[in-house]
$ cat model.cif   # mmCIF, C-alpha atoms
data_model
#
loop_
_atom_site.label_atom_id
_atom_site.label_comp_id
_atom_site.auth_asym_id
_atom_site.auth_seq_id
_atom_site.Cartn_x
_atom_site.Cartn_y
_atom_site.Cartn_z
CA MET A 20 8.92 1.60 18.54
CA LYS A 21 7.04 -1.07 20.47
CA PRO A 22 5.33 -3.66 18.21
CA GLN A 23 1.56 -3.83 18.59
CA ASP A 24 0.44 -6.68 20.82
CA PHE A 25 -2.36 -8.73 19.26
CA SER A 26 -2.55 -11.19 22.15
CA PRO A 27 -6.13 -11.70 23.44
CA TYR A 28 -4.70 -11.05 26.93
CA ALA A 29 -3.63 -7.54 25.94
CA ASN A 30 -7.11 -6.03 26.46
CA HIS A 31 -7.82 -7.58 29.83
CA GLU A 32 -8.73 -4.36 31.68
CA GLU A 33 -10.82 -3.02 28.84
CA VAL A 34 -12.71 -6.29 28.45
CA TRP A 35 -13.26 -6.51 32.21
CA SER A 36 -14.86 -3.06 32.17
CA LEU A 37 -17.04 -3.91 29.15
CA LEU A 38 -18.53 -7.12 30.57
CA PRO A 39 -21.82 -5.54 31.77
CA TRP A 40 -22.53 -4.29 28.24
CA TYR A 41 -21.47 -7.62 26.77
CA ILE A 42 -24.05 -9.26 29.02
CA ASN A 43 -26.84 -6.83 28.11
CA GLY A 44 -26.11 -7.30 24.41
CA SER A 45 -25.51 -3.66 23.57
CA LEU A 46 -21.87 -3.87 22.38
CA LYS A 47 -21.10 -3.18 18.73
CA ALA A 48 -19.38 -5.77 16.51
CA ALA A 49 -15.72 -4.72 17.05
CA GLN A 50 -15.96 -4.63 20.84
CA LEU A 51 -18.05 -7.80 20.85
CA ASP A 52 -15.35 -9.71 18.95
CA MET A 53 -12.67 -8.39 21.28
CA VAL A 54 -14.61 -9.51 24.38
CA ARG A 55 -15.36 -12.95 22.90
CA SER A 56 -11.71 -13.57 21.97
CA HIS A 57 -10.54 -12.54 25.42
CA LEU A 58 -13.14 -14.62 27.25
CA ARG A 59 -11.91 -17.75 25.49
CA VAL A 60 -8.55 -17.44 27.25
CA CYS A 61 -9.16 -15.47 30.48
CA LEU A 62 -10.45 -17.36 33.49
CA THR A 63 -10.67 -14.19 35.62
CA CYS A 64 -13.01 -12.50 33.16
CA ARG A 65 -15.10 -15.63 32.81
CA LYS A 66 -15.55 -15.73 36.59
CA GLU A 67 -16.49 -12.08 36.60
CA LEU A 68 -18.87 -12.68 33.71
CA ALA A 69 -20.67 -15.34 35.72
CA ALA A 70 -20.91 -13.03 38.75
CA GLN A 71 -22.28 -10.19 36.65
CA GLU A 72 -24.79 -12.53 35.01
CA THR A 73 -26.19 -13.32 38.46
CA LEU A 74 -26.60 -9.63 39.12
CA PHE A 75 -28.04 -9.05 35.66
CA ASN A 76 -30.63 -11.81 36.07
CA ALA A 77 -31.67 -10.41 39.41
CA LEU A 78 -32.03 -6.85 38.15
CA ARG A 79 -33.86 -7.86 35.00
CA HIS A 80 -36.59 -9.25 37.22
CA GLU A 81 -39.73 -7.23 36.43
CA PRO A 82 -41.94 -5.96 39.26
CA VAL A 83 -45.20 -7.91 39.49
CA LEU A 84 -47.21 -4.96 40.77
CA GLU A 85 -49.71 -3.49 38.33
CA ILE A 86 -49.74 0.23 38.94
CA SER A 87 -52.68 2.36 37.85
CA THR A 88 -51.47 5.49 36.12
CA LYS A 89 -54.84 7.25 36.03
CA PRO A 90 -54.84 8.96 39.47
CA SER A 91 -51.27 10.18 39.00
CA PHE A 92 -51.98 11.46 35.50
CA ASP A 93 -55.12 13.26 36.72
CA ARG A 94 -53.09 15.01 39.39
CA LEU A 95 -50.53 16.11 36.84
CA MET A 96 -53.20 17.40 34.45
CA SER A 97 -54.87 19.39 37.26
CA ARG A 98 -51.53 21.03 37.92
CA ILE A 99 -51.03 21.84 34.23
CA GLN A 100 -54.59 23.11 33.77
CA GLU A 101 -54.36 25.24 36.88
CA GLU A 102 -51.21 26.82 35.53
CA GLU A 103 -52.76 27.38 32.12
CA ARG A 104 -55.79 29.03 33.74
CA SER A 105 -53.57 31.40 35.71
CA ALA A 106 -51.69 32.24 32.49
CA GLU A 107 -54.95 33.10 30.66
CA PRO A 108 -55.56 36.53 32.28
CA ALA A 109 -52.06 37.59 31.20
CA LYS A 110 -52.84 36.61 27.57
CA ARG A 111 -56.23 38.35 27.66
CA HIS A 112 -54.62 41.46 29.08
CA SER A 113 -52.11 41.40 26.21
CA LYS A 114 -54.85 41.11 23.55
CA HIS A 115 -56.84 43.91 25.21
CA GLY A 116 -53.70 46.05 25.14
CA GLU A 117 -53.27 45.54 21.39
CA ALA A 118 -56.82 46.77 20.68
CA ARG A 119 -56.27 49.84 22.84
CA TRP A 120 -53.10 50.66 20.90
CA LEU A 121 -54.92 50.50 17.55
CA ASN A 122 -57.58 52.93 18.82
CA ARG A 123 -54.92 55.33 20.01
CA LEU A 124 -53.11 55.15 16.67
CA ALA A 125 -56.31 56.01 14.77
CA TRP A 126 -56.93 58.97 17.08
CA MET A 127 -53.36 60.24 16.64
CA LEU A 128 -53.57 60.11 12.84
CA GLU A 129 -56.72 62.17 12.99
CA VAL A 130 -55.43 64.81 15.40
CA PHE A 131 -51.83 65.27 14.23
CA THR A 132 -52.00 66.99 10.83
CA PRO A 133 -48.56 67.80 9.21
CA GLN A 134 -48.62 71.41 10.51
CA ARG A 135 -49.47 70.41 14.07
CA LEU A 136 -46.93 67.61 13.91
CA GLY A 137 -44.11 70.00 12.95
CA LEU A 138 -44.79 72.24 15.93
CA ALA A 139 -45.13 69.32 18.29
CA LEU A 140 -41.83 67.82 17.07
CA ALA A 141 -39.91 71.06 17.57
CA GLY A 142 -41.21 71.40 21.13
CA GLY A 143 -40.59 67.75 21.84
CA LEU A 144 -36.98 67.91 20.65
CA VAL A 145 -36.17 70.76 23.01
CA ALA A 146 -37.81 68.94 25.90
CA LEU A 147 -35.91 65.72 25.15
CA THR A 148 -32.45 67.21 24.64
CA ILE A 149 -32.00 68.57 28.17
CA PRO A 150 -32.62 65.30 30.11
CA LEU A 151 -30.57 63.31 27.55
CA ILE A 152 -27.49 65.47 28.05
CA TRP A 153 -27.87 65.08 31.81
CA GLN A 154 -28.35 61.28 31.61
CA HIS A 155 -25.36 60.82 29.28
CA THR A 156 -22.95 61.76 32.02
CA ARG A 157 -24.52 59.15 34.37
CA LEU A 158 -24.56 56.35 31.75
CA ALA A 159 -20.85 56.81 31.01
CA GLU A 160 -20.09 55.82 34.62
CA THR A 161 -22.06 52.55 34.39
CA HIS A 162 -20.14 49.45 33.24
CA THR A 163 -22.89 46.82 33.38
CA TYR A 164 -26.65 47.09 33.31
CA HIS A 165 -29.70 44.96 33.95
CA THR A 166 -32.52 45.11 31.44
CA VAL A 167 -36.14 45.37 32.50
CA ALA A 168 -36.48 41.76 31.36
CA ASN A 169 -33.59 40.71 33.52
CA PRO A 170 -33.85 42.43 36.85
CA GLY A 171 -32.50 39.63 39.09
CA SER A 172 -29.21 37.82 39.61
CA LEU A 173 -27.22 36.95 36.49
CA ASP A 174 -25.29 34.09 38.11
CA ALA A 175 -27.47 31.43 36.50
CA TYR A 176 -26.69 32.57 32.94
CA THR A 177 -23.82 31.91 30.54
CA ASN A 178 -22.41 33.70 27.52
CA HIS A 179 -24.45 31.33 25.34
CA ASP A 180 -27.80 32.44 26.80
CA VAL A 181 -30.18 34.73 24.96
CA ARG A 182 -33.44 36.22 26.18
CA VAL A 183 -36.16 35.93 23.59
CA ILE A 184 -39.80 36.93 23.15
CA PHE A 185 -41.62 35.18 20.33
CA THR A 186 -44.39 36.82 18.30
CA PRO A 187 -47.96 35.91 19.36
CA THR A 188 -48.52 34.14 16.00
CA ALA A 189 -45.51 31.78 16.30
CA ASN A 190 -46.54 28.24 17.21
CA GLU A 191 -44.51 25.80 19.31
CA GLN A 192 -43.54 23.62 16.36
CA GLU A 193 -42.11 26.58 14.40
CA ILE A 194 -40.22 27.73 17.46
CA GLY A 195 -38.90 24.23 18.12
CA GLN A 196 -37.68 23.78 14.55
CA PHE A 197 -36.06 27.18 14.45
CA LEU A 198 -34.26 26.66 17.77
CA GLN A 199 -33.04 23.29 16.56
CA SER A 200 -31.61 24.90 13.41
CA ILE A 201 -29.47 27.25 15.51
CA HIS A 202 -28.55 24.47 18.04
CA ALA A 203 -30.41 26.19 20.85
CA ARG A 204 -32.87 25.01 23.48
CA ILE A 205 -35.19 26.69 25.95
CA VAL A 206 -33.75 26.67 29.47
CA GLU A 207 -36.19 29.03 31.16
CA GLY A 208 -39.58 30.57 30.63
CA PRO A 209 -42.03 31.65 29.63
CA SER A 210 -42.27 34.43 32.20
CA ALA A 211 -45.52 36.33 32.78
CA ILE A 212 -44.62 38.59 29.85
CA GLY A 213 -43.75 35.67 27.54
CA LEU A 214 -39.98 35.93 27.96
CA TYR A 215 -37.82 32.82 27.40
CA THR A 216 -34.14 32.18 28.02
CA ILE A 217 -32.57 30.00 25.34
CA ARG A 218 -29.12 28.41 25.46
CA VAL A 219 -27.02 27.92 22.34
CA ASP A 220 -25.03 24.67 22.39
CA GLY A 221 -21.46 25.97 22.17
CA GLU A 222 -20.12 22.55 21.14
CA LYS A 223 -22.53 22.05 18.24
CA SER A 224 -22.70 25.62 17.01
CA ALA A 225 -19.51 27.18 15.69
CA THR A 226 -21.40 30.41 15.01
CA PRO A 227 -20.48 33.36 17.27
CA LEU A 228 -23.31 34.58 19.49
CA SER A 229 -23.47 37.87 17.59
CA GLN A 230 -24.39 36.01 14.38
CA THR A 231 -26.89 33.84 16.21
CA LEU A 232 -28.49 37.04 17.48
CA VAL A 233 -28.75 38.31 13.89
CA LYS A 234 -30.47 35.06 12.88
CA LEU A 235 -32.85 35.33 15.80
CA ARG A 236 -33.74 38.93 15.06
CA ASP A 237 -34.25 38.17 11.35
CA ASN A 238 -36.68 35.34 12.12
CA LYS A 239 -40.33 36.26 11.77
CA SER A 240 -41.24 34.29 14.91
CA VAL A 241 -38.97 36.42 17.11
CA ALA A 242 -40.10 39.78 18.47
CA PHE A 243 -37.17 40.40 20.81
CA ALA A 244 -33.70 38.88 21.28
CA GLU A 245 -30.94 40.11 23.57
CA PRO A 246 -27.97 38.36 25.29
CA ALA A 247 -28.86 37.30 28.84
CA LEU A 248 -25.57 38.60 30.17
CA PRO A 249 -24.67 42.25 29.71
CA GLN A 250 -22.09 42.87 27.00
CA ALA A 251 -18.92 44.72 27.99
CA THR A 252 -19.11 48.45 27.25
CA ARG A 253 -16.23 50.13 25.48
CA MET B 20 -16.51 -21.21 24.86
CA SER B 21 -19.93 -20.53 23.35
CA ASP B 22 -21.31 -17.02 23.00
CA ASN B 23 -23.05 -15.61 25.97
CA PRO B 24 -26.72 -16.62 25.43
CA THR B 25 -28.06 -13.50 27.11
CA THR B 26 -26.57 -11.24 24.47
CA GLN B 27 -28.95 -12.66 21.91
CA ARG B 28 -32.00 -12.45 24.16
CA VAL B 29 -31.80 -9.06 25.75
CA GLN B 30 -33.35 -6.14 23.97
CA ASN B 31 -33.17 -2.53 24.82
CA SER B 32 -36.34 -2.05 26.83
CA MET B 33 -36.31 1.71 26.19
CA ARG B 34 -36.84 1.39 22.47
CA GLN B 35 -39.82 -0.89 22.33
CA ALA B 36 -42.86 0.92 20.92
CA PRO B 37 -46.16 -0.92 20.70
CA SER B 38 -46.74 -2.01 17.11
CA GLY B 39 -49.33 -0.01 15.17
CA GLU B 40 -49.25 2.87 17.65
CA ALA B 41 -47.65 6.29 17.28
CA SER B 42 -43.95 6.35 18.11
CA ASP B 43 -42.66 8.33 21.07
CA ALA B 44 -41.27 11.00 18.73
CA GLU B 45 -44.66 11.34 17.00
CA LEU B 46 -46.39 11.71 20.36
CA ILE B 47 -43.91 14.41 21.38
CA ALA B 48 -44.64 16.28 18.13
CA LEU B 49 -48.36 16.17 19.00
CA ILE B 50 -47.63 17.34 22.54
CA CYS B 51 -46.00 20.44 20.98
CA GLU B 52 -49.52 21.29 19.79
CA SER B 53 -50.93 20.77 23.30
CA ASP B 54 -52.53 17.42 22.45
CA HIS B 55 -53.68 16.06 25.83
CA GLN B 56 -54.47 12.58 24.48
CA ALA B 57 -50.97 12.17 23.06
CA PHE B 58 -49.56 13.30 26.39
CA GLU B 59 -51.65 10.75 28.31
CA LYS B 60 -50.53 8.01 25.92
CA LEU B 61 -46.86 8.91 26.41
CA TYR B 62 -47.41 9.17 30.17
CA ARG B 63 -48.94 5.67 30.33
CA ARG B 64 -46.18 4.29 28.13
CA TYR B 65 -43.42 5.56 30.44
CA TYR B 66 -45.05 5.37 33.86
CA GLN B 67 -43.99 1.83 34.81
CA ARG B 68 -40.44 2.28 33.55
CA LEU B 69 -40.02 5.63 35.29
CA PHE B 70 -41.61 4.24 38.43
CA ARG B 71 -39.05 1.46 38.69
CA PHE B 72 -36.17 3.74 37.67
CA ALA B 73 -37.06 6.45 40.19
CA PHE B 74 -37.53 3.89 42.95
CA ARG B 75 -34.19 2.23 42.22
CA ILE B 76 -32.38 5.56 42.30
CA THR B 77 -34.11 7.20 45.27
CA ARG B 78 -35.31 4.09 47.17
CA ARG B 79 -38.27 6.17 48.34
CA LEU B 80 -41.73 5.01 47.25
CA ASP B 81 -43.34 8.14 48.66
CA GLN B 82 -41.27 10.30 46.30
CA VAL B 83 -41.76 8.31 43.12
CA GLU B 84 -45.02 9.81 41.88
CA GLU B 85 -43.79 13.34 42.46
CA ILE B 86 -40.61 12.59 40.51
CA ILE B 87 -42.53 11.06 37.59
CA ASN B 88 -44.98 13.96 37.47
CA ASP B 89 -42.21 16.55 37.73
CA ALA B 90 -40.38 14.86 34.86
CA MET B 91 -43.49 14.51 32.68
CA TYR B 92 -44.42 18.12 33.46
CA VAL B 93 -41.10 19.13 31.89
CA VAL B 94 -41.90 16.90 28.88
CA TRP B 95 -45.23 18.74 28.47
CA LYS B 96 -43.75 22.21 28.84
CA LYS B 97 -40.54 21.66 26.87
CA ALA B 98 -41.72 19.30 24.14
CA SER B 99 -40.82 21.92 21.54
CA SER B 100 -37.20 21.87 22.68
CA PHE B 101 -36.88 18.12 21.99
CA HIS B 102 -34.22 17.44 19.34
CA SER B 103 -35.39 14.97 16.72
CA GLU B 104 -31.95 13.30 16.57
CA THR B 105 -32.21 12.37 20.27
CA VAL B 106 -33.83 9.07 21.28
CA PRO B 107 -37.05 10.10 23.12
CA SER B 108 -36.48 7.66 25.99
CA THR B 109 -32.97 9.02 26.51
CA TRP B 110 -34.42 12.54 26.76
CA ILE B 111 -37.21 11.53 29.14
CA PHE B 112 -34.98 9.39 31.37
CA GLY B 113 -32.42 12.20 31.43
CA ILE B 114 -35.08 14.55 32.80
CA ALA B 115 -36.24 11.92 35.31
CA TYR B 116 -32.66 11.29 36.47
CA LYS B 117 -32.20 15.00 37.25
CA LYS B 118 -35.48 14.98 39.19
CA CYS B 119 -34.28 11.95 41.17
CA LEU B 120 -31.05 13.72 42.11
CA LYS B 121 -33.01 16.81 43.11
CA SER B 122 -35.29 14.69 45.28
CA ILE B 123 -32.33 12.99 46.98
CA ALA B 124 -30.60 16.34 47.55
CA SER B 125 -33.71 17.76 49.22
CA ARG B 126 -33.81 14.99 51.83
CA PRO B 127 -32.61 16.01 55.28
CA GLN B 128 -30.49 12.88 55.77
CA ALA B 129 -29.78 9.75 53.72
CA GLU B 130 -30.80 6.42 55.23
CA HIS B 131 -28.35 3.53 55.49
CA LEU B 132 -28.86 -0.10 56.38
CA GLU B 133 -26.40 -1.24 58.97
CA ILE B 134 -24.08 -4.05 57.91
CA GLU B 135 -25.67 -6.38 60.54
CA GLU B 136 -29.02 -5.95 58.78
CA ALA B 137 -27.37 -6.66 55.46
CA ASP B 138 -25.88 -9.91 56.78
CA ALA B 139 -29.36 -11.25 57.44
CA LEU B 140 -30.20 -10.78 53.80
CA LEU B 141 -27.15 -12.40 52.21
CA PRO B 142 -28.06 -14.79 49.38
CA GLY B 143 -28.11 -18.50 49.99
CA ILE B 144 -28.93 -18.50 53.67
CA GLN B 145 -32.70 -18.26 53.50
CA ASP B 146 -35.36 -20.74 52.67
CA SER B 147 -34.99 -21.64 48.99
CA GLY B 148 -38.81 -21.44 48.59
CA LEU B 149 -38.55 -17.68 48.96
CA LYS B 150 -36.09 -17.28 46.12
CA ASN B 151 -37.73 -14.30 44.39
CA LEU B 152 -38.16 -12.41 47.60
CA GLU B 153 -34.60 -13.29 48.47
CA ILE B 154 -33.31 -11.89 45.17
CA GLU B 155 -35.22 -8.65 45.70
CA ASP B 156 -33.86 -8.43 49.23
CA TRP B 157 -30.20 -8.83 48.46
CA ILE B 158 -30.50 -6.49 45.49
CA SER B 159 -32.15 -3.93 47.77
CA VAL B 160 -29.36 -4.29 50.29
CA ALA B 161 -26.72 -3.99 47.57
CA PHE B 162 -28.39 -0.89 46.17
CA SER B 163 -28.67 0.65 49.61
CA ARG B 164 -24.88 0.52 49.88
CA LEU B 165 -24.27 2.31 46.58
CA PRO B 166 -24.47 6.01 45.78
CA ALA B 167 -27.29 7.14 43.48
CA ASP B 168 -25.11 7.57 40.38
CA GLN B 169 -23.82 3.98 40.63
CA ARG B 170 -27.34 2.66 41.21
CA ALA B 171 -28.45 4.48 38.08
CA VAL B 172 -25.69 2.95 35.96
CA LEU B 173 -26.49 -0.57 37.18
CA GLU B 174 -30.22 -0.13 36.61
CA LEU B 175 -29.86 1.41 33.15
CA THR B 176 -27.39 -1.29 32.09
CA TYR B 177 -28.95 -4.41 33.53
CA HIS B 178 -32.64 -3.60 33.56
CA HIS B 179 -33.01 -1.28 30.59
CA GLY B 180 -30.28 -2.87 28.47
CA LEU B 181 -28.62 0.41 27.50
CA HIS B 182 -25.15 0.91 26.00
CA TYR B 183 -22.78 3.04 28.11
CA LYS B 184 -22.96 5.79 25.48
CA GLU B 185 -26.73 6.18 25.98
CA ILE B 186 -26.30 6.09 29.76
CA ALA B 187 -23.74 8.90 29.47
CA MET B 188 -26.35 10.97 27.62
CA ILE B 189 -29.02 10.32 30.24
CA MET B 190 -26.66 11.13 33.10
CA ASP B 191 -25.10 14.03 31.21
CA CYS B 192 -21.54 12.85 31.84
CA PRO B 193 -18.58 11.44 29.83
CA GLU B 194 -18.71 7.76 28.77
CA ASN B 195 -15.63 6.98 30.88
CA THR B 196 -17.46 8.28 33.95
CA VAL B 197 -20.19 5.71 33.30
CA LYS B 198 -17.58 2.95 33.12
CA THR B 199 -15.91 4.21 36.29
CA ARG B 200 -19.24 4.27 38.16
CA MET B 201 -19.94 0.72 36.99
CA PHE B 202 -16.44 -0.34 38.09
CA HIS B 203 -16.97 1.00 41.62
CA ALA B 204 -20.47 -0.48 41.83
CA ARG B 205 -19.15 -3.90 40.86
CA LYS B 206 -16.30 -3.72 43.35
CA LYS B 207 -18.67 -2.67 46.13
CA ILE B 208 -21.09 -5.49 45.40
CA GLN B 209 -18.21 -7.94 45.19
CA SER B 210 -17.07 -6.88 48.66
CA LEU B 211 -20.63 -7.25 50.00
CA TYR B 212 -21.29 -10.58 48.32
CA PRO B 213 -18.05 -12.47 47.62
CA ASP B 214 -20.12 -15.59 46.89
CA LEU B 215 -22.25 -13.91 44.26
CA VAL B 216 -21.43 -16.62 41.72
CA VAL B 217 -23.73 -19.46 42.64
CA GLY B 218 -25.74 -22.03 40.74
CA PRO B 219 -25.52 -23.11 37.10
CA ASN B 220 -23.82 -19.91 35.91
CA SER B 221 -20.79 -20.55 38.08
CA ILE B 222 -17.43 -20.67 36.38
CA CYS B 223 -16.80 -23.88 38.30
CA SER B 224 -18.96 -25.66 35.72
CA GLY B 225 -16.84 -24.52 32.76
CA ASN B 226 -13.25 -24.99 31.59
CA ALA B 227 -10.95 -22.39 30.10
CA SER B 228 -9.97 -23.43 26.60
#
$ encode --input "model.cif" --output "structure tokens"
Amino acid sequence: MKPQDFSPYANHEEVWSLLPWYINGSLKAAQLDMVRSHLRVCLTCRKELAAQETLFNALRHEPVLEISTKPSFDRLMSRIQEEERSAEPAKRHSKHGEARWLNRLAWMLEVFTPQRLGLALAGGLVALTIPLIWQHTRLAETHTYHTVANPGSLDAYTNHDVRVIFTPTANEQEIGQFLQSIHARIVEGPSAIGLYTIRVDGEKSATPLSQTLVKLRDNKSVAFAEPALPQATR
Amino acid sequence: MSDNPTTQRVQNSMRQAPSGEASDAELIALICESDHQAFEKLYRRYYQRLFRFAFRITRRLDQVEEIINDAMYVVWKKASSFHSETVPSTWIFGIAYKKCLKSIASRPQAEHLEIEEADALLPGIQDSGLKNLEIEDWISVAFSRLPADQRAVLELTYHHGLHYKEIAMIMDCPENTVKTRMFHARKKIQSLYPDLVVGPNSICSGNAS
């Protein structure tokens, strides 16, 4: 076995590559000591250090121009506000839809007494059975499917991506904290219907996607959660 | 040999928050609640730094504002996805770096200075009274000869004082890739300016012990 070489010359290449970070003062103690020891004995690295210091001093030079941020910020805010305004009708439409649903529910409770409901169910079952039997044969031939929420190309998605709709009451902070707890981040959205694509960090999260989906669906802030890529059918 | 004096002076310019004011992370938390004032404060705090960074990477003044606003737009929209364990400046510069690359990729053709033009801007051959301008010029020429990823590593190391680990996070690449990019940048600059070591910092003034 080769004995370990403690000569300050031994780390020449490593020290040479670390010189920029020695100059900017960001090296940690162990690396700093190694660079200092080597510089005491290596003329090549000391020459390179001097050259890099020239470059460093030139690049550190601050621009003298005072730039006003106000016009740029105003342009950005106009863009954001314009987008928020265009998103408003979609939100209003959604709220209006909720009210309409409640009215319909009240009407249904009034009209459908238990006797009427029994008759309606029997008729409904017959009507539903025939198309279901017919559709079953077609579904068995299909290997992959696109959801309504995911009608386009799937090339941009990975096996760690999940499509999520949050409840209207969930605020951004709650969502942010929850996503952080499952090592996920938003990579797309929201769409016009409030759909987001989130990506689970495969390196940080050892949890299988199926369990992450369970966590998502159990969370009160989540109304809908499905994998972005279709799962293989058996 | 005495310790390099610069190592004691240089501070990481990305981490300086004005005393008594909300930190970057606190501002981002407020932005999650659609706080426009917090967003403006963060925008003002980063504008100059992003301006210089975007210009160094793209070398196109006409693109800089669009890059900054595209990056800060992402900060506004995705503030809730910010991880508290990340340094805010690393997150913001990471977004800006991606926007720079996108801007460069959308250009029809990259511009290059011819080597004859570069010769005219070599250090040491102009009037010494124009030293600052001269420095800017030869740095501009040097940067024009480097690819964007190497320019970014030089800028983040020498201007922003970042460790290679933080640069790797901003550029979303392994740490060794950062070192390799720095290696190539240094070699390229060395070939452009073999007499880079001039003045009091020259090794000629010191002795190896």
$ interface_residues --input "model.cif" --of "chain A" --to "chain B" --cutoff "9 Å" --atoms "all atoms listed in the file" --output "count of residues only"
58
$ closest_residue --input "model.cif" --among "B:Lys118, B:Asp156, B:Ile76, B:Lys206" --to "Ala171 (chain B)" --atoms "all atoms listed in the file"
B:Ile76
$ atom_distance --input "model.cif" --atom1 "CA of Arg78 (chain B)" --atom2 "CA of Lys117 (chain B)"
15.1 Å
$ atom_distance --input "model.cif" --atom1 "CA of Leu211 (chain B)" --atom2 "CA of Pro166 (chain B)"
14.4 Å
$ closest_residue --input "model.cif" --among "B:Asn195, B:Ser210, B:Thr77, B:Gln82" --to "Arg170 (chain B)" --atoms "only C-alpha atoms"
B:Thr77
$ residues_around --input "model.cif" --residues "Cys119 (chain B)" --least-positions-apart "2" --cutoff "8 Å" --atoms "all atoms listed in the file" --output "list in words"
Ala73, Ile76, Thr77, Ile86, Ala115, Tyr116, Lys117, Lys121, Ser122 and Ile123 of chain B
$ write_last_selection --input "model.cif" --atoms "C-alpha atoms" --output "mmCIF file, in the frame of the given file"
data_model
loop_
_atom_site.group_PDB
_atom_site.id
_atom_site.type_symbol
_atom_site.label_atom_id
_atom_site.label_comp_id
_atom_site.auth_asym_id
_atom_site.auth_seq_id
_atom_site.Cartn_x
_atom_site.Cartn_y
_atom_site.Cartn_z
ATOM 1 C CA ALA B 73 -37.060 6.450 40.190
ATOM 2 C CA ILE B 76 -32.380 5.560 42.300
ATOM 3 C CA THR B 77 -34.110 7.200 45.270
ATOM 4 C CA ILE B 86 -40.610 12.590 40.510
ATOM 5 C CA ALA B 115 -36.240 11.920 35.310
ATOM 6 C CA TYR B 116 -32.660 11.290 36.470
ATOM 7 C CA LYS B 117 -32.200 15.000 37.250
ATOM 8 C CA LYS B 121 -33.010 16.810 43.110
ATOM 9 C CA SER B 122 -35.290 14.690 45.280
ATOM 10 C CA ILE B 123 -32.330 12.990 46.980
#
$ atom_distance --input "model.cif" --atom1 "CA of Asp180 (chain A)" --atom2 "CA of Leu228 (chain A)"
8.8 Å
$ decode --input "model.cif" --residues "region 57-80 of chain A" --atoms "C-alpha atoms" --output "short mmCIF file (atom, residue, chain, number, x, y, z; two decimals), in the first residue's frame"
data_model
loop_
_atom_site.label_atom_id
_atom_site.label_comp_id
_atom_site.auth_asym_id
_atom_site.auth_seq_id
_atom_site.Cartn_x
_atom_site.Cartn_y
_atom_site.Cartn_z
CA HIS A 57 1.05 24.99 -0.83
CA LEU A 58 1.47 28.64 -1.77
CA ARG A 59 4.44 28.92 0.57
CA VAL A 60 6.39 26.46 -1.57
CA CYS A 61 4.92 26.66 -5.11
CA LEU A 62 6.12 29.43 -7.37
CA THR A 63 3.76 28.40 -10.20
CA CYS A 64 0.69 28.79 -8.00
CA ARG A 65 1.94 32.09 -6.64
CA LYS A 66 2.30 33.41 -10.19
CA GLU A 67 -1.17 32.19 -11.02
CA LEU A 68 -2.48 33.75 -7.82
CA ALA A 69 -1.10 37.12 -8.88
CA ALA A 70 -2.66 36.79 -12.34
CA GLN A 71 -6.03 35.86 -10.89
CA GLU A 72 -5.85 38.76 -8.43
CA THR A 73 -5.53 41.13 -11.39
CA LEU A 74 -8.64 39.62 -12.92
CA PHE A 75 -10.43 39.65 -9.57
CA ASN A 76 -9.66 43.33 -8.98
CA ALA A 77 -10.91 44.20 -12.43
CA LEU A 78 -14.15 42.27 -12.07
CA ARG A 79 -14.85 43.55 -8.59
CA HIS A 80 -15.00 47.03 -10.06
#
